[in-house]
Amino acid sequence: MSISTFFNSYAGMYVAQSFCHSLVAAVITERAVKAWKIDDPALQQRFHLIAVIFPIFSFPLYQAINANRSSAQFRLDALFDVNRWLNWELWGVVPLGLLFLVMLIATSLVFLFQETIPVVKHTLESGTAEHEGTPCAPEPFMEKASQALSLETPEVLVLDDDEPVLFSSTGRDPTIFISTGLREKLNEDQLHAALAHELAHIAQSKRPLLIAVFVLRAVMFFNLVVLVKFRRAISDEEKICDDIAVSLTGNAKALAGALEKFYHKPEALLETDGRKPPEVQIPLEEYSHNLHLESRITRLEHGATRARERGMGPFAITLLVIIVLNYFVV
Amino acid sequence: MRTMNRTADYFSFALAIGVLIVLLAIVNWVPMAFQKDTLRRYRSIEEVRIALNLRDIYVPSYFPQHIVWPPSEILAQGKPFPAVVMEFKDAGSGKIVLVLSQSQGGPFPARPVINLAGIKETVPFIMKGRKAVLVVGECAKNEPCSRITWKEGPYTVTALMKAAPFELTRITDSMLR
């Protein structure tokens with residue numbers, strides 16, 4: 001099967017068009033968030049998820065509306081026909097469709113190694129392994145906060161580790177893990193804020209819609225735009241949990257203080273002996289981690305957690321524009 | 001003041017969508033501008049011959065009187081595989097009643113203006129020494145429709161018509177030497 005034959009088949013059209021549809025949706029949602037100055041992370045996440053979910057259904061939906069949509073005539077009059085680019089041969093030899101296929105394969109591998117395998121591994125481990133760590137004495141704050149989120153109070157286990165570590169396992173028996181190193185660094189308010197953030201994650205993981213999104217997202221395993229937008233939606237989730245934590249503790253500054261403990265500082269910068277520190281190359285992953293933390297800390301310090309909702313109007317308009325515009329993207 | 005801000009937000013979004021539409025149109029135009037053999041419309045068969053350097057374009061020499069010459073639409077491409085589609089209208093109704101296509105690759109995805117749905121018969125036959133397949137059936141409103149497909153050199157040629165097979169075979173016969 002040649003590359004052009006593949007991209008003219010239904011499977012090929014689905015792959016190519018869903019990519020284009022997600023790209024158009026991503027651009028529109030980014031502009032919508034900026035135009036309507038949407039600061040609420042829950043609403044921002046809703047916008048970002050359009051670019052993740054919509055392309056799963058767009059091609060079959062449009063084909064059901066108009067089977068003629070894949071015809072040569074419709075393509076000629078379309079706003080954008082991806083096949084024109086995919087059939088384009090660089091120097092008359094290499095079709096761009098081949099490069100597009102390489103990108104799809106690379107994205108699929110990233111999805112496999114960075115998302116699927118870790119999730120499967122985590123699920124298997126959490127299903128069989130006993131939780132390590134020392135149980136923490138029950139705290140009245142945890143019971144009160146869990147009640148507020150309609151949760152059963154999860155167990156808190158303390159891990160013997162000097163590094164600042166805090167995470168939670170979800171599922172039937174949710175547990176919060178905190179390292180001794182982090183407990184020592186946090187004051188009481190900060191500890192409550194950090195635990196409230198993890199409680200928020202446990203509460204969020206029980207939302208059926210979010211679980212459905214996680215499962216559906218796998219359909220677009222080949223789609224680079226979906227990969228990026230899904231990660232944006234995940235980072236929105238952190239801010240949503242920050243907001244829930246602040247609503248539980250009423251103390252945004254304490255959460256900001258707790259987050260600062262997770263800031264990755266290059267080793268050389270920590271040695272402050274009066275000399276100018278040498279230039280240190282921060283790994284990209286740490287840089288991105290720090291950047292994300294910084295934005296969350298700034299948000300908390302500026303009290304943006306009480307951002308006003310702009311209602312469903314902008315969301316509905318954005319979705320409608322995406323649906324209409326992408327109909328003419330084939 | 002708040003209403004003005006809201007209007008400005010909506011205007012800013014509408015402007016962004018306008019810019020996106022223009023950008024998409026430009027990006028769509030680029031391959032057309034740089035690749036002469038990409039799929040496009042042509043005004044005449046001669047134009048297709050010259051632009052795509054296609055020597056063998058199969059056109060009937062016989063046409064029933066009710067079919068309008070020249071074709072109402074001609075689509076052709078050189079890449080990814082050479083293909084030509086011609087649509088012909090009925091003089092009376094103005095509707096497309098005949099579609100001729102030839103393709104060196106897979107089936108050319110022309111719009112299904114003639115939808116041969118209720119197939120009654122599929123008959124292999126010899127047409128001027130070529131193995132052809134005639135499909136007889138009905139289109140919408142029980143109109144008789146027929147289709148003939150055969151191989152002609154590197155091309156697969158298909159003639160689809162809103163008519164009984166007798167009329168279509170006369171047309172396809174006239175396409176061959």
# chains A, B, ... in the order shown; residues from 1 in each chain; ligands from 1

call {"tool": "residues_around", "arguments": {"residues": "segment 26-35 of chain B", "least_positions_apart": "6", "cutoff": "8 Å", "atoms": "only C-alpha atoms", "output": "PyMOL selection string"}}
result
chain A and resi 79-82+84-85+88

call {"tool": "write_last_selection", "arguments": {"atoms": "C-alpha atoms", "output": "compact mmCIF listing (two decimals), in the first residue's frame"}}
result
# COMPACT_ATOMS: atom_id res chain seq x y z
CA LEU A 79 -10.87 25.62 3.35
CA PHE A 80 -7.94 23.27 3.86
CA ASP A 81 -7.14 19.93 2.21
CA VAL A 82 -4.39 18.09 4.07
CA ARG A 84 -2.41 18.48 -0.94
CA TRP A 85 0.45 18.66 1.54
CA TRP A 88 3.62 16.96 -2.08

call {"tool": "interface_residues", "arguments": {"of": "chain B", "to": "chain A", "cutoff": "7 Å", "atoms": "only C-alpha atoms", "output": "number ranges by chain"}}
result
B: 9, 12-13, 16, 24-25, 28, 31, 38, 40, 80, 109-112

call {"tool": "residues_around", "arguments": {"residues": "Gly129 of chain B", "least_positions_apart": "4", "cutoff": "12 Å", "atoms": "only C-alpha atoms", "output": "number ranges by chain"}}
result
B: 125, 150-152, 173, 176-177

call {"tool": "write_last_selection", "arguments": {"atoms": "N, CA and C atoms", "output": "tab-separated table (two decimals), in the first residue's frame"}}
result
chain	number	residue	atom	x	y	z
B	125	PHE	N	-18.31	-8.77	-19.97
B	125	PHE	CA	-18.45	-8.90	-21.43
B	125	PHE	C	-17.20	-8.38	-22.12
B	150	TRP	N	-13.51	-0.97	-17.27
B	150	TRP	CA	-12.54	-1.81	-17.98
B	150	TRP	C	-11.14	-1.24	-17.82
B	151	LYS	N	-10.14	-2.07	-18.16
B	151	LYS	CA	-8.74	-1.63	-18.09
B	151	LYS	C	-8.31	-1.17	-19.47
B	152	GLU	N	-7.69	-0.02	-19.51
B	152	GLU	CA	-7.21	0.52	-20.79
B	152	GLU	C	-5.76	0.97	-20.57
B	173	ASP	N	-18.26	2.32	-26.34
B	173	ASP	CA	-17.73	1.79	-27.61
B	173	ASP	C	-17.02	2.89	-28.38
B	176	LEU	N	-13.27	3.90	-27.67
B	176	LEU	CA	-12.16	3.01	-28.01
B	176	LEU	C	-11.95	2.93	-29.51
B	177	ARG	N	-10.68	2.73	-29.86
B	177	ARG	CA	-10.39	2.56	-31.28
B	177	ARG	C	-10.29	1.08	-31.60

call {"tool": "atom_distance", "arguments": {"atom1": "atom CA of Ile114 of chain B", "atom2": "atom CA of Phe57 of chain A"}}
result
28.3 Å

call {"tool": "atom_distance", "arguments": {"atom1": "atom CA of Ala8 of chain B", "atom2": "atom CA of Leu300 of chain A"}}
result
27.8 Å

call {"tool": "closest_residue", "arguments": {"among": "B:Tyr42, B:Ile17, B:Lys120, B:Val136", "to": "Glu73 of chain B", "atoms": "only C-alpha atoms"}}
result
B:Tyr42

call {"tool": "closest_residue", "arguments": {"among": "B:Gly137, B:Gly118, B:Pro64, B:Gly78", "to": "Val97 of chain B", "atoms": "only C-alpha atoms"}}
result
B:Pro64

call {"tool": "atom_distance", "arguments": {"atom1": "atom CA of Phe108 of chain B", "atom2": "atom CA of Val330 of chain A"}}
result
16.0 Å

call {"tool": "select_by_dssp", "arguments": {"residues": "chain B", "states": "helix (DSSP H, G or I)", "output": "PyMOL selection string"}}
result
chain B and resi 2-34+45-52+140-142+165-173

call {"tool": "write_last_selection", "arguments": {"atoms": "N, CA and C atoms", "output": "compact mmCIF listing (two decimals), in the first residue's frame"}}
result
# COMPACT_ATOMS: atom_id res chain seq x y z
N ARG B 2 -18.46 47.37 31.62
CA ARG B 2 -18.35 45.91 31.60
C ARG B 2 -18.84 45.35 30.25
N THR B 3 -19.96 45.94 29.77
CA THR B 3 -20.52 45.50 28.49
C THR B 3 -19.52 45.76 27.36
N MET B 4 -18.86 46.93 27.43
CA MET B 4 -17.86 47.27 26.41
C MET B 4 -16.70 46.29 26.42
N ASN B 5 -16.27 45.92 27.65
CA ASN B 5 -15.18 44.95 27.78
C ASN B 5 -15.57 43.61 27.17
N ARG B 6 -16.80 43.23 27.45
CA ARG B 6 -17.30 41.94 26.91
C ARG B 6 -17.33 41.98 25.40
N THR B 7 -17.82 43.09 24.85
CA THR B 7 -17.89 43.23 23.39
C THR B 7 -16.48 43.14 22.81
N ALA B 8 -15.53 43.78 23.48
CA ALA B 8 -14.14 43.74 23.01
C ALA B 8 -13.61 42.31 23.03
N ASP B 9 -13.98 41.53 24.06
CA ASP B 9 -13.55 40.13 24.15
C ASP B 9 -14.09 39.33 22.96
N TYR B 10 -15.37 39.52 22.67
CA TYR B 10 -15.99 38.79 21.55
C TYR B 10 -15.36 39.22 20.23
N PHE B 11 -15.09 40.51 20.12
CA PHE B 11 -14.48 41.03 18.88
C PHE B 11 -13.08 40.46 18.70
N SER B 12 -12.34 40.40 19.80
CA SER B 12 -10.97 39.87 19.74
C SER B 12 -11.00 38.40 19.29
N PHE B 13 -11.97 37.63 19.80
CA PHE B 13 -12.10 36.22 19.41
C PHE B 13 -12.48 36.12 17.93
N ALA B 14 -13.43 36.94 17.51
CA ALA B 14 -13.88 36.90 16.10
C ALA B 14 -12.73 37.27 15.17
N LEU B 15 -11.92 38.23 15.58
CA LEU B 15 -10.77 38.65 14.78
C LEU B 15 -9.77 37.49 14.64
N ALA B 16 -9.53 36.80 15.76
CA ALA B 16 -8.60 35.67 15.74
C ALA B 16 -9.10 34.58 14.79
N ILE B 17 -10.40 34.35 14.78
CA ILE B 17 -10.98 33.32 13.90
C ILE B 17 -10.81 33.77 12.43
N GLY B 18 -11.03 35.05 12.18
CA GLY B 18 -10.84 35.59 10.83
C GLY B 18 -9.42 35.38 10.34
N VAL B 19 -8.46 35.67 11.22
CA VAL B 19 -7.04 35.50 10.87
C VAL B 19 -6.75 34.02 10.60
N LEU B 20 -7.32 33.14 11.42
CA LEU B 20 -7.09 31.70 11.25
C LEU B 20 -7.64 31.22 9.90
N ILE B 21 -8.81 31.71 9.52
CA ILE B 21 -9.41 31.30 8.24
C ILE B 21 -8.51 31.75 7.08
N VAL B 22 -8.02 32.98 7.15
CA VAL B 22 -7.14 33.48 6.09
C VAL B 22 -5.86 32.64 6.03
N LEU B 23 -5.30 32.33 7.21
CA LEU B 23 -4.07 31.53 7.26
C LEU B 23 -4.29 30.15 6.65
N LEU B 24 -5.42 29.53 7.00
CA LEU B 24 -5.73 28.20 6.46
C LEU B 24 -5.84 28.25 4.93
N ALA B 25 -6.50 29.31 4.44
CA ALA B 25 -6.66 29.46 2.99
C ALA B 25 -5.31 29.62 2.31
N ILE B 26 -4.41 30.37 2.93
CA ILE B 26 -3.07 30.56 2.35
C ILE B 26 -2.30 29.24 2.36
N VAL B 27 -2.34 28.55 3.51
CA VAL B 27 -1.62 27.27 3.62
C VAL B 27 -2.18 26.25 2.62
N ASN B 28 -3.47 26.34 2.36
CA ASN B 28 -4.10 25.43 1.39
C ASN B 28 -3.70 25.77 -0.05
N TRP B 29 -3.42 27.05 -0.27
CA TRP B 29 -3.09 27.50 -1.62
C TRP B 29 -1.64 27.15 -2.00
N VAL B 30 -0.75 27.12 -1.02
CA VAL B 30 0.69 26.94 -1.29
C VAL B 30 0.99 25.72 -2.18
N PRO B 31 0.49 24.51 -1.84
CA PRO B 31 0.82 23.37 -2.72
C PRO B 31 0.25 23.53 -4.13
N MET B 32 -0.90 24.19 -4.25
CA MET B 32 -1.49 24.44 -5.58
C MET B 32 -0.57 25.32 -6.41
N ALA B 33 0.06 26.27 -5.73
CA ALA B 33 0.91 27.22 -6.43
C ALA B 33 2.23 26.58 -6.87
N PHE B 34 2.72 25.65 -6.08
CA PHE B 34 4.05 25.10 -6.36
C PHE B 34 4.01 23.72 -7.02
N ILE B 45 -10.45 19.65 -21.93
CA ILE B 45 -9.63 18.44 -21.94
C ILE B 45 -8.24 18.77 -22.50
N GLU B 46 -8.21 19.68 -23.46
CA GLU B 46 -6.93 20.10 -24.04
C GLU B 46 -6.01 20.69 -22.96
N GLU B 47 -6.63 21.47 -22.09
CA GLU B 47 -5.88 22.09 -20.99
C GLU B 47 -5.27 21.01 -20.08
N VAL B 48 -6.02 19.94 -19.83
CA VAL B 48 -5.53 18.82 -19.00
C VAL B 48 -4.33 18.18 -19.69
N ARG B 49 -4.50 17.93 -21.01
CA ARG B 49 -3.44 17.29 -21.78
C ARG B 49 -2.13 18.07 -21.67
N ILE B 50 -2.24 19.38 -21.84
CA ILE B 50 -1.04 20.23 -21.83
C ILE B 50 -0.46 20.34 -20.41
N ALA B 51 -1.31 20.61 -19.44
CA ALA B 51 -0.83 20.86 -18.07
C ALA B 51 -0.21 19.62 -17.44
N LEU B 52 -0.84 18.47 -17.66
CA LEU B 52 -0.38 17.27 -16.98
C LEU B 52 0.39 16.32 -17.90
N ALA B 140 -31.79 6.75 -7.66
CA ALA B 140 -32.94 7.25 -6.91
C ALA B 140 -34.16 7.36 -7.83
N LYS B 141 -35.33 7.30 -7.28
CA LYS B 141 -36.61 7.40 -7.99
C LYS B 141 -36.75 6.33 -9.08
N ASN B 142 -36.15 5.18 -8.84
CA ASN B 142 -36.20 4.02 -9.76
C ASN B 142 -35.73 4.34 -11.17
N PRO B 165 -28.38 0.25 -20.05
CA PRO B 165 -27.04 -0.16 -20.50
C PRO B 165 -26.82 0.01 -22.01
N PHE B 166 -27.90 -0.10 -22.77
CA PHE B 166 -27.78 0.00 -24.23
C PHE B 166 -27.13 1.33 -24.63
N GLU B 167 -27.62 2.42 -24.02
CA GLU B 167 -27.10 3.74 -24.38
C GLU B 167 -25.65 3.91 -23.91
N LEU B 168 -25.36 3.37 -22.72
CA LEU B 168 -24.00 3.51 -22.18
C LEU B 168 -22.99 2.73 -23.01
N THR B 169 -23.35 1.52 -23.45
CA THR B 169 -22.39 0.72 -24.25
C THR B 169 -22.06 1.43 -25.56
N ARG B 170 -23.03 2.14 -26.13
CA ARG B 170 -22.76 2.89 -27.38
C ARG B 170 -21.73 3.99 -27.12
N ILE B 171 -21.90 4.64 -25.95
CA ILE B 171 -20.95 5.72 -25.60
C ILE B 171 -19.55 5.15 -25.37
N THR B 172 -19.45 4.08 -24.55
CA THR B 172 -18.12 3.52 -24.23
C THR B 172 -17.46 2.92 -25.47
N ASP B 173 -18.26 2.32 -26.34
CA ASP B 173 -17.73 1.79 -27.61
C ASP B 173 -17.02 2.89 -28.38

call {"tool": "residues_around", "arguments": {"residues": "Val133 of chain B", "least_positions_apart": "6", "cutoff": "9 Å", "atoms": "only C-alpha atoms", "output": "JSON, numbers by chain"}}
result
{"B": [122, 123, 124, 125, 126, 147, 148, 149, 150]}

call {"tool": "residues_around", "arguments": {"residues": "segment 205-216 of chain A", "least_positions_apart": "2", "cutoff": "8 Å", "atoms": "only C-alpha atoms", "output": "ChimeraX atom specification"}}
result
/A:53,56,170-171,201-203,218-220

call {"tool": "closest_residue", "arguments": {"among": "A:Gln190, A:Asn223, A:Ser235, A:Gln114", "to": "Tyr14 of chain A", "atoms": "only C-alpha atoms"}}
result
A:Asn223

call {"tool": "decode", "arguments": {"residues": "segment 47-65 of chain B", "atoms": "N, CA and C atoms", "output": "mmCIF file, in the first residue's frame"}}
result
data_model
loop_
_atom_site.group_PDB
_atom_site.id
_atom_site.type_symbol
_atom_site.label_atom_id
_atom_site.label_comp_id
_atom_site.auth_asym_id
_atom_site.auth_seq_id
_atom_site.Cartn_x
_atom_site.Cartn_y
_atom_site.Cartn_z
ATOM 1 N N GLU B 47 -6.635 21.467 -22.092
ATOM 2 C CA GLU B 47 -5.879 22.085 -20.991
ATOM 3 C C GLU B 47 -5.270 21.006 -20.084
ATOM 4 N N VAL B 48 -6.022 19.937 -19.831
ATOM 5 C CA VAL B 48 -5.526 18.822 -19.004
ATOM 6 C C VAL B 48 -4.334 18.177 -19.693
ATOM 7 N N ARG B 49 -4.503 17.934 -21.009
ATOM 8 C CA ARG B 49 -3.437 17.290 -21.782
ATOM 9 C C ARG B 49 -2.130 18.074 -21.669
ATOM 10 N N ILE B 50 -2.238 19.384 -21.836
ATOM 11 C CA ILE B 50 -1.037 20.228 -21.828
ATOM 12 C C ILE B 50 -0.456 20.343 -20.409
ATOM 13 N N ALA B 51 -1.314 20.609 -19.440
ATOM 14 C CA ALA B 51 -0.826 20.864 -18.068
ATOM 15 C C ALA B 51 -0.211 19.620 -17.439
ATOM 16 N N LEU B 52 -0.840 18.472 -17.662
ATOM 17 C CA LEU B 52 -0.377 17.267 -16.977
ATOM 18 C C LEU B 52 0.391 16.316 -17.902
ATOM 19 N N ASN B 53 0.517 16.716 -19.145
ATOM 20 C CA ASN B 53 1.211 15.895 -20.139
ATOM 21 C C ASN B 53 0.593 14.491 -20.226
ATOM 22 N N LEU B 54 -0.736 14.462 -20.190
ATOM 23 C CA LEU B 54 -1.440 13.181 -20.312
ATOM 24 C C LEU B 54 -1.870 13.022 -21.773
ATOM 25 N N ARG B 55 -1.331 12.002 -22.413
ATOM 26 C CA ARG B 55 -1.682 11.841 -23.835
ATOM 27 C C ARG B 55 -3.008 11.116 -24.016
ATOM 28 N N ASP B 56 -3.199 10.089 -23.180
ATOM 29 C CA ASP B 56 -4.401 9.266 -23.379
ATOM 30 C C ASP B 56 -5.528 9.698 -22.449
ATOM 31 N N ILE B 57 -6.385 10.533 -22.971
ATOM 32 C CA ILE B 57 -7.603 10.876 -22.220
ATOM 33 C C ILE B 57 -8.765 10.342 -23.049
ATOM 34 N N TYR B 58 -9.519 9.449 -22.437
ATOM 35 C CA TYR B 58 -10.559 8.741 -23.192
ATOM 36 C C TYR B 58 -11.872 9.518 -23.180
ATOM 37 N N VAL B 59 -12.231 9.974 -24.388
ATOM 38 C CA VAL B 59 -13.438 10.789 -24.553
ATOM 39 C C VAL B 59 -14.307 10.133 -25.628
ATOM 40 N N PRO B 60 -15.613 10.034 -25.438
ATOM 41 C CA PRO B 60 -16.465 9.405 -26.460
ATOM 42 C C PRO B 60 -16.573 10.271 -27.717
ATOM 43 N N SER B 61 -16.725 9.602 -28.849
ATOM 44 C CA SER B 61 -16.987 10.360 -30.078
ATOM 45 C C SER B 61 -18.503 10.378 -30.346
ATOM 46 N N TYR B 62 -19.205 9.485 -29.640
ATOM 47 C CA TYR B 62 -20.664 9.474 -29.775
ATOM 48 C C TYR B 62 -21.303 9.977 -28.488
ATOM 49 N N PHE B 63 -22.244 10.848 -28.605
ATOM 50 C CA PHE B 63 -23.023 11.319 -27.463
ATOM 51 C C PHE B 63 -24.499 11.327 -27.827
ATOM 52 N N PRO B 64 -25.352 10.836 -26.969
ATOM 53 C CA PRO B 64 -26.785 11.012 -27.236
ATOM 54 C C PRO B 64 -27.092 12.515 -27.270
ATOM 55 N N GLN B 65 -28.088 12.894 -28.006
ATOM 56 C CA GLN B 65 -28.373 14.330 -28.210
ATOM 57 C C GLN B 65 -28.686 15.086 -26.927
#
